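The file structure31.cif contains mmCIF, C-alpha atoms:
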```
data_final
#
loop_
_atom_site.label_atom_id
_atom_site.label_comp_id
_atom_site.auth_asym_id
_atom_site.auth_seq_id
_atom_site.Cartn_x
_atom_site.Cartn_y
_atom_site.Cartn_z
CA MET A 1 46.45 -68.47 203.62
CA ASP A 2 42.85 -68.08 202.48
CA LEU A 3 40.70 -71.01 203.63
CA LEU A 4 38.56 -71.16 200.48
CA PRO A 5 41.36 -72.61 198.31
CA LEU A 6 41.87 -75.29 200.95
CA ARG A 7 38.23 -76.32 200.79
CA TYR A 8 38.45 -76.31 197.01
CA PHE A 9 41.56 -78.48 197.24
CA GLN A 10 39.72 -80.92 199.52
CA ALA A 11 36.92 -81.35 196.99
CA VAL A 12 39.29 -81.84 194.04
CA ALA A 13 41.37 -84.31 196.06
CA ARG A 14 38.26 -86.26 197.01
CA HIS A 15 36.95 -86.51 193.46
CA GLU A 16 40.27 -86.40 191.58
CA HIS A 17 38.17 -84.78 188.89
CA ILE A 18 37.86 -81.06 188.24
CA SER A 19 34.38 -81.02 186.72
CA ARG A 20 32.82 -83.16 189.46
CA ALA A 21 34.46 -81.06 192.16
CA ALA A 22 33.31 -77.87 190.42
CA ALA A 23 29.74 -79.19 190.30
CA GLU A 24 29.82 -79.98 194.03
CA LEU A 25 31.27 -76.56 194.87
CA ARG A 26 29.01 -74.77 192.38
CA VAL A 27 31.87 -72.90 190.77
CA SER A 28 33.10 -72.88 187.18
CA GLN A 29 35.77 -75.36 186.13
CA PRO A 30 38.20 -72.65 184.91
CA SER A 31 37.86 -70.78 188.20
CA LEU A 32 38.49 -73.96 190.19
CA SER A 33 41.51 -74.87 188.05
CA ARG A 34 43.00 -71.41 188.56
CA THR A 35 42.49 -71.62 192.32
CA ILE A 36 44.30 -74.97 192.49
CA ALA A 37 47.11 -73.63 190.31
CA ARG A 38 47.55 -70.59 192.57
CA LEU A 39 47.62 -72.84 195.65
CA GLU A 40 50.31 -75.03 194.08
CA LYS A 41 52.32 -71.94 193.18
CA GLU A 42 52.06 -70.67 196.74
CA LEU A 43 53.17 -74.02 198.14
CA GLY A 44 55.94 -74.42 195.58
CA VAL A 45 55.05 -78.03 194.65
CA PRO A 46 52.44 -79.70 192.41
CA LEU A 47 49.67 -81.40 194.38
CA PHE A 48 48.32 -83.47 191.48
CA ASP A 49 49.82 -85.48 188.64
CA ARG A 50 48.14 -84.49 185.38
CA GLN A 51 47.74 -86.62 182.29
CA GLY A 52 45.52 -84.81 179.83
CA ARG A 53 42.19 -84.32 181.59
CA GLN A 54 42.97 -86.92 184.26
CA ILE A 55 44.36 -85.78 187.61
CA ARG A 56 45.66 -87.90 190.46
CA LEU A 57 46.67 -86.80 193.94
CA ASN A 58 50.45 -87.21 194.20
CA ARG A 59 52.60 -87.79 197.31
CA PHE A 60 52.83 -84.06 198.01
CA GLY A 61 49.07 -83.71 197.65
CA SER A 62 48.40 -86.70 199.92
CA ALA A 63 50.64 -85.34 202.65
CA PHE A 64 49.12 -81.86 202.36
CA LEU A 65 45.56 -83.24 202.33
CA ALA A 66 46.07 -84.98 205.68
CA ARG A 67 47.10 -81.64 207.24
CA VAL A 68 44.31 -79.72 205.53
CA ASP A 69 41.68 -82.20 206.72
CA ARG A 70 42.86 -81.88 210.32
CA ALA A 71 43.15 -78.10 210.19
CA LEU A 72 39.74 -77.49 208.67
CA ALA A 73 38.14 -80.03 211.01
CA GLU A 74 39.60 -78.12 213.99
CA LEU A 75 38.28 -74.82 212.64
CA ASP A 76 34.83 -76.30 212.00
CA ASP A 77 34.81 -77.74 215.52
CA GLY A 78 35.81 -74.33 216.91
CA ARG A 79 33.01 -72.60 215.05
CA GLN A 80 30.51 -75.15 216.35
CA GLU A 81 31.84 -74.87 219.90
CA LEU A 82 31.39 -71.09 219.83
CA SER A 83 27.87 -71.49 218.50
CA ASP A 84 27.03 -73.85 221.35
CA ALA A 85 28.61 -71.50 223.89
CA VAL A 86 26.36 -68.57 222.96
CA GLY A 87 23.28 -70.77 223.05
CA LEU A 88 22.26 -70.75 219.40
CA VAL A 89 19.18 -72.91 218.86
CA ARG A 90 20.18 -74.00 215.39
CA GLY A 91 22.51 -76.94 214.96
CA SER A 92 23.15 -80.01 212.90
CA VAL A 93 24.08 -83.65 213.41
CA ALA A 94 25.06 -86.27 210.84
CA VAL A 95 24.66 -89.93 211.75
CA ALA A 96 25.60 -93.14 209.92
CA THR A 97 23.97 -96.47 210.71
CA GLU A 98 23.68 -99.91 209.16
CA THR A 99 19.91 -99.64 208.96
CA LEU A 100 17.70 -96.57 209.24
CA LEU A 101 14.80 -98.54 210.73
CA THR A 102 16.57 -98.78 214.08
CA LEU A 103 16.54 -95.00 214.50
CA SER A 104 13.20 -94.19 212.88
CA GLY A 105 11.07 -94.04 216.03
CA ALA A 106 13.68 -92.17 218.07
CA LEU A 107 14.22 -89.71 215.23
CA VAL A 108 10.53 -88.72 215.15
CA GLY A 109 10.65 -87.82 218.84
CA PHE A 110 13.91 -85.91 218.49
CA ARG A 111 12.61 -83.84 215.57
CA ALA A 112 9.49 -82.97 217.56
CA GLU A 113 11.57 -81.71 220.51
CA HIS A 114 14.28 -80.02 218.40
CA PRO A 115 12.69 -78.82 215.15
CA ASP A 116 15.54 -76.40 214.40
CA VAL A 117 18.26 -79.06 214.44
CA ASP A 118 19.21 -80.33 210.99
CA VAL A 119 19.51 -84.14 211.16
CA ARG A 120 21.15 -86.04 208.33
CA LEU A 121 21.18 -89.83 208.23
CA TYR A 122 23.37 -92.09 206.10
CA GLN A 123 22.88 -95.81 205.66
CA SER A 124 26.23 -97.55 205.26
CA SER A 125 27.96 -100.85 205.82
CA ALA A 126 30.08 -101.16 208.96
CA THR A 127 33.33 -100.34 207.17
CA ALA A 128 31.89 -97.48 205.11
CA MET A 129 30.28 -95.71 208.05
CA LEU A 130 33.49 -95.77 210.09
CA GLN A 131 35.34 -94.36 207.10
CA ARG A 132 32.80 -91.54 206.99
CA LEU A 133 33.38 -90.93 210.70
CA ARG A 134 37.18 -90.83 210.36
CA ARG A 135 36.90 -88.38 207.45
CA GLY A 136 34.66 -86.13 209.55
CA GLU A 137 31.64 -86.57 207.27
CA VAL A 138 29.43 -87.72 210.16
CA ASP A 139 29.36 -86.93 213.88
CA LEU A 140 28.15 -90.31 215.10
CA CYS A 141 27.87 -93.92 214.00
CA LEU A 142 25.30 -96.32 215.43
CA SER A 143 27.19 -99.59 215.17
CA SER A 144 25.94 -103.15 215.58
CA GLN A 145 29.48 -104.56 215.59
CA PRO A 146 32.44 -104.17 217.96
CA VAL A 147 34.77 -101.27 217.15
CA ASP A 148 38.42 -101.65 218.10
CA ASP A 149 40.09 -98.32 217.39
CA PRO A 150 41.81 -96.21 220.07
CA ALA A 151 40.98 -93.06 218.08
CA LEU A 152 37.26 -93.72 218.51
CA GLU A 153 35.04 -93.49 221.59
CA THR A 154 32.14 -95.91 222.06
CA ALA A 155 29.11 -95.98 224.34
CA GLU A 156 26.81 -98.99 224.53
CA VAL A 157 23.17 -98.21 223.78
CA LEU A 158 21.59 -101.60 224.38
CA ARG A 159 22.01 -105.36 224.05
CA GLU A 160 19.23 -107.41 222.57
CA GLU A 161 18.66 -111.03 221.73
CA VAL A 162 18.78 -112.04 218.08
CA LEU A 163 15.94 -114.35 217.04
CA LEU A 164 15.30 -116.69 214.14
CA ALA A 165 12.41 -115.52 211.97
CA VAL A 166 10.42 -118.19 210.09
CA PRO A 167 7.16 -118.01 208.11
CA ARG A 168 4.04 -118.99 210.05
CA GLU A 169 3.55 -122.09 207.89
CA HIS A 170 7.13 -123.29 208.39
CA PRO A 171 7.56 -126.70 210.16
CA LEU A 172 9.59 -124.96 212.88
CA ALA A 173 6.85 -122.41 213.57
CA SER A 174 5.40 -124.53 216.40
CA ARG A 175 8.73 -124.48 218.26
CA THR A 176 9.90 -121.88 220.77
CA SER A 177 13.61 -122.42 220.24
CA VAL A 178 16.00 -124.06 217.82
CA GLY A 179 19.68 -125.03 217.60
CA ILE A 180 22.00 -123.96 214.80
CA ALA A 181 22.66 -127.54 213.70
CA GLU A 182 18.91 -128.03 213.18
CA ILE A 183 18.75 -125.23 210.61
CA ALA A 184 21.98 -126.01 208.76
CA GLU A 185 20.11 -127.07 205.62
CA GLU A 186 17.47 -124.34 205.73
CA PRO A 187 17.55 -121.70 202.97
CA PHE A 188 18.98 -118.69 204.77
CA ILE A 189 18.32 -115.00 204.19
CA THR A 190 20.92 -112.56 205.42
CA THR A 191 22.96 -109.51 204.49
CA SER A 192 26.19 -109.14 202.57
CA GLY A 193 29.47 -109.57 204.39
CA ASP A 194 29.98 -106.12 205.91
CA PHE A 195 26.75 -106.02 207.93
CA TRP A 196 26.15 -107.39 211.43
CA GLN A 197 23.61 -110.08 210.46
CA ARG A 198 26.07 -111.78 208.12
CA GLU A 199 28.93 -111.59 210.63
CA LEU A 200 26.74 -113.17 213.32
CA THR A 201 25.34 -115.82 210.95
CA ASP A 202 28.81 -116.89 209.81
CA ARG A 203 30.10 -116.98 213.40
CA LEU A 204 27.19 -119.08 214.75
CA PHE A 205 27.39 -121.63 211.95
CA ALA A 206 31.19 -121.85 212.13
CA ALA A 207 30.88 -122.69 215.85
CA VAL A 208 29.09 -125.94 214.90
CA GLY A 209 31.38 -126.65 211.94
CA ARG A 210 28.83 -125.72 209.28
CA ARG A 211 28.16 -123.00 206.74
CA ALA A 212 24.78 -121.38 206.28
CA ASN A 213 22.86 -122.28 203.12
CA ILE A 214 22.53 -118.66 201.99
CA VAL A 215 19.99 -118.19 199.20
CA CYS A 216 19.52 -114.42 199.46
CA GLU A 217 21.74 -111.60 200.69
CA SER A 218 21.22 -107.85 200.57
CA ASP A 219 22.63 -104.55 201.79
CA GLU A 220 19.44 -103.72 203.73
CA PRO A 221 19.33 -105.49 207.11
CA ALA A 222 15.72 -104.45 207.67
CA ALA A 223 14.64 -106.33 204.53
CA SER A 224 15.37 -109.76 206.00
CA ALA A 225 12.08 -110.09 207.91
CA PHE A 226 10.05 -109.11 204.84
CA LEU A 227 11.88 -111.62 202.63
CA VAL A 228 11.35 -114.35 205.22
CA SER A 229 7.62 -113.54 205.27
CA LEU A 230 7.49 -114.25 201.52
CA GLY A 231 8.57 -117.83 202.20
CA LEU A 232 12.04 -117.42 200.68
CA GLY A 233 13.81 -118.83 203.71
CA VAL A 234 14.62 -118.16 207.36
CA GLY A 235 16.90 -115.53 208.88
CA LEU A 236 18.27 -113.84 211.97
CA VAL A 237 16.59 -110.63 213.11
CA PRO A 238 17.04 -108.45 216.20
CA GLU A 239 14.48 -108.75 218.97
CA MET A 240 13.15 -105.24 218.22
CA ALA A 241 12.01 -106.50 214.81
CA SER A 242 9.57 -108.86 216.55
CA ARG A 243 7.74 -105.83 217.97
CA TYR A 244 6.79 -104.56 214.50
CA ASP A 245 3.65 -106.14 213.07
CA VAL A 246 4.90 -106.04 209.48
CA ALA A 247 4.77 -109.64 208.40
CA PRO A 248 3.23 -113.06 209.24
CA LEU A 249 6.27 -114.35 211.08
CA VAL A 250 7.14 -116.53 214.05
CA PHE A 251 10.25 -115.73 216.09
CA LEU A 252 12.27 -118.48 217.77
CA HIS A 253 15.00 -118.30 220.39
CA VAL A 254 18.35 -119.57 219.10
CA ASP A 255 20.15 -122.03 221.38
CA ALA A 256 23.64 -120.65 220.80
CA PRO A 257 25.94 -118.55 222.99
CA GLY A 258 26.44 -114.97 221.90
CA CYS A 259 23.33 -114.80 219.73
CA GLU A 260 22.81 -111.13 220.42
CA ARG A 261 23.32 -107.67 218.95
CA VAL A 262 25.10 -104.90 220.81
CA LEU A 263 24.19 -101.42 219.61
CA SER A 264 26.78 -98.74 220.35
CA TYR A 265 27.33 -95.12 219.43
CA VAL A 266 30.79 -94.35 218.09
CA TRP A 267 32.45 -90.96 217.67
CA ARG A 268 35.95 -89.54 217.24
CA ARG A 269 37.90 -88.82 220.43
CA ASP A 270 39.71 -85.86 218.86
CA ALA A 271 36.62 -84.12 217.45
CA TYR A 272 34.42 -81.61 219.25
CA SER A 273 31.01 -83.07 219.97
CA SER A 274 28.40 -80.40 219.32
CA ALA A 275 25.41 -79.80 221.57
CA ALA A 276 23.16 -81.13 218.81
CA ALA A 277 25.19 -84.34 218.50
CA ARG A 278 25.29 -84.87 222.25
CA ARG A 279 21.56 -84.32 222.63
CA PHE A 280 20.78 -86.59 219.67
CA ARG A 281 22.86 -89.37 221.21
CA GLU A 282 21.22 -88.94 224.63
CA HIS A 283 17.68 -88.75 223.25
CA THR A 284 17.94 -91.73 220.91
CA THR A 285 19.72 -93.84 223.53
CA GLU A 286 16.93 -93.17 226.04
CA THR A 287 14.26 -93.90 223.43
CA LEU A 288 15.81 -97.16 222.23
CA ARG A 289 16.25 -98.41 225.79
CA ARG A 290 12.67 -97.50 226.64
CA GLU A 291 11.39 -99.27 223.53
CA ALA A 292 13.43 -102.36 224.44
CA ARG A 293 11.79 -102.49 227.89
CA SER A 294 8.26 -102.11 226.57
#
```
Would it be possible to restate this file's structure as structure tokens?
Amino acid sequence: MDLLPLRYFQAVARHEHISRAAAELRVSQPSLSRTIARLEKELGVPLFDRQGRQIRLNRFGSAFLARVDRALAELDDGRQELSDAVGLVRGSVAVATETLLTLSGALVGFRAEHPDVDVRLYQSSATAMLQRLRRGEVDLCLSSQPVDDPALETAEVLREEVLLAVPREHPLASRTSVGIAEIAEEPFITTSGDFWQRELTDRLFAAVGRRANIVCESDEPAASAFLVSLGLGVGLVPEMASRYDVAPLVFLHVDAPGCERVLSYVWRRDAYSSAAARRFREHTTETLRREARS
């Protein structure tokens, strides 16, 4: 069986839309439709239910897609493994993370040492980035939350304290530490529910029988410190954020157990880890640990 129809099938199955899949593949819609029709004829079953211009993956298509995804992923891994074995300098690595700011410094150093490696970064919520990983769209995830999945491998990068950021003119700014109960009425800035800051905020407040007074939430964890600096409220930030001179802020220790962030790399156990991916993980881990010690 020719592999090209399988890749075409993957794209159509992902979009469930011929024209969008054709645009991604840069082929004409009639050509793509004919390819899918020939594949269905070869298999002897329809892969999609069709209603006018609408198509939906049916049960045959869903079962076939699972096999196609695994087969093509194995072939792609094999191609990459051969490339690594003969020492090709080119390579690529795709990484998903909850916030790009965490990797920015390490990425600059990696690009300087490995200019021929194509690095692609994706900012995603915790759930979305693990979905990307399971689908084989990324090689690595840099997670700030625990991952409990036997199909995934994890390696801790670093642990760091999480601090409370307040504006310099805030009444708490003269303090060095604060308890959760003391800030129960404070306007709180955090992220939406599928990011680490919100998970930690909810957990810390629940431990004292309270709920945070959330006045602002976003899908950009790195925005919290900036929003706090505008006087909109207070919020939890990782210790590394206190090393960036980006805003007139004061950082307080939080008197609560488990007020920390654990950064870990996550990758699929069953997927080949390319030389580029392995080196990226090693380099960025070393850089982040060095930055944490400085």
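What the PyMOL selection byres ((chain A and resi 71-86) around 9) picks from this file is Leu3, Leu6, Arg7, Ala66, Arg67, Val68, Asp69, Arg70, Gly87, Leu88, Val89, Arg90, Gly91, Gly136, Ala271, Tyr272, Ser273, Ser274, Ala275 and Ala276 of chain A.
From CA of Ala23 in chain A back to CA of Lys41 in chain A, the distance works out to 23.9 Å.
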Residue with smallest distance to Thr284 in chain A - pool A:Val12, A:Leu227, A:Val157, A:Val138, counting all atoms listed in the file: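 Among the listed residues, A:Val157 lies closest to Thr284 in chain A.
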Output of the PyMOL selection byres ((chain A and resi 178) around 9), listed as number ranges by chain: A: 164, 172, 175-177, 179-183, 252-256
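Running the PyMOL selection byres ((chain A and resi 283) around 12) on this file leaves Leu103, Gly105, Ala106, Leu107, Val108, Gly109, Phe110, Arg111, Ala112, Glu113, His114, Val157, Ala275, Ala276, Ala277, Arg278, Arg279, Phe280, Arg281, Glu282, Thr284, Thr285, Glu286, Thr287, Leu288, Arg289 and Arg290 of chain A selected.
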Spatial neighbours of Val147 in chain A, max dist 10 Å, only C-alpha atoms, sep filter under 4 positions, as a list in words: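 So, after excluding close chain neighbours, the residues are Ala126, Leu130, Ser143, Leu152, Glu153, Thr154, Ser264, Tyr265 and Val266 of chain A.
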Val95 in chain A environment, 8 Å, only C-alpha atoms, sequence neighbours closer than 5 positions dropped, as a list of chain:residue names: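 Surrounding residues, per the criterion: A:Val119, A:Arg120, A:Leu121, A:Tyr122, A:Val138, A:Asp139, A:Leu140, A:Cys141, A:Leu142.
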For CA of Arg243 in chain A and CA of Asp202 in chain A, the interatomic separation in Å (one decimal):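 Those two atoms sit 25.2 Å apart.
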Close residues, Trp196 in chain A itself excluded, 8 Å, all atoms listed in the file, min 5 positions apart in chain, as a ChimeraX atom specification: /A:126,144-145,191
Polymer residues at most 8 Å from Leu57 in chain A, only C-alpha atoms, same-chain spacing of 3 or more positions, as a list in words: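 Contacts, in chain order: Ala13, Glu16, Leu47, Phe48, Asp49, Phe60, Gly61 and Ser62 of chain A.
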Shell of 12 Å around Pro187 in chain A, only C-alpha atoms, local chain residues under 4 positions omitted, as a count of residues only: 18
Separation of CA of Gln123 in chain A from CA of Leu4 in chain A in Å: 29.7 Å
Within 9 Å of file point (41.3, -94.3, 214.4), counting only C-alpha atoms, expressed as a ChimeraX atom specification: /A:134,148-152,268-269
Export, as a compact mmCIF listing (two decimals), in the frame of the given file, the selected residues with C-alpha atoms.
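And here is the file that came out, again28.txt:
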```txt
# COMPACT_ATOMS: atom_id res chain seq x y z
CA ARG A 134 37.18 -90.83 210.36
CA ASP A 148 38.42 -101.65 218.10
CA ASP A 149 40.09 -98.32 217.39
CA PRO A 150 41.81 -96.21 220.07
CA ALA A 151 40.98 -93.06 218.08
CA LEU A 152 37.26 -93.72 218.51
CA ARG A 268 35.95 -89.54 217.24
CA ARG A 269 37.90 -88.82 220.43
```
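Of the listed residues (A:Glu239, A:Glu186, A:Glu40, A:Asp118), A:Glu239 comes nearest to Ala292 in chain A; the distances count only C-alpha atoms.
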Among listed residues A:Ser294, A:Ala96, A:Leu32, A:Arg26, nearest Gln131 in chain A (using all atoms listed in the file): A:Ala96
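Nearest residue to Val250 in chain A among A:Arg168, A:Arg14, A:Arg50, A:Arg34 is A:Arg168, counting only C-alpha atoms.
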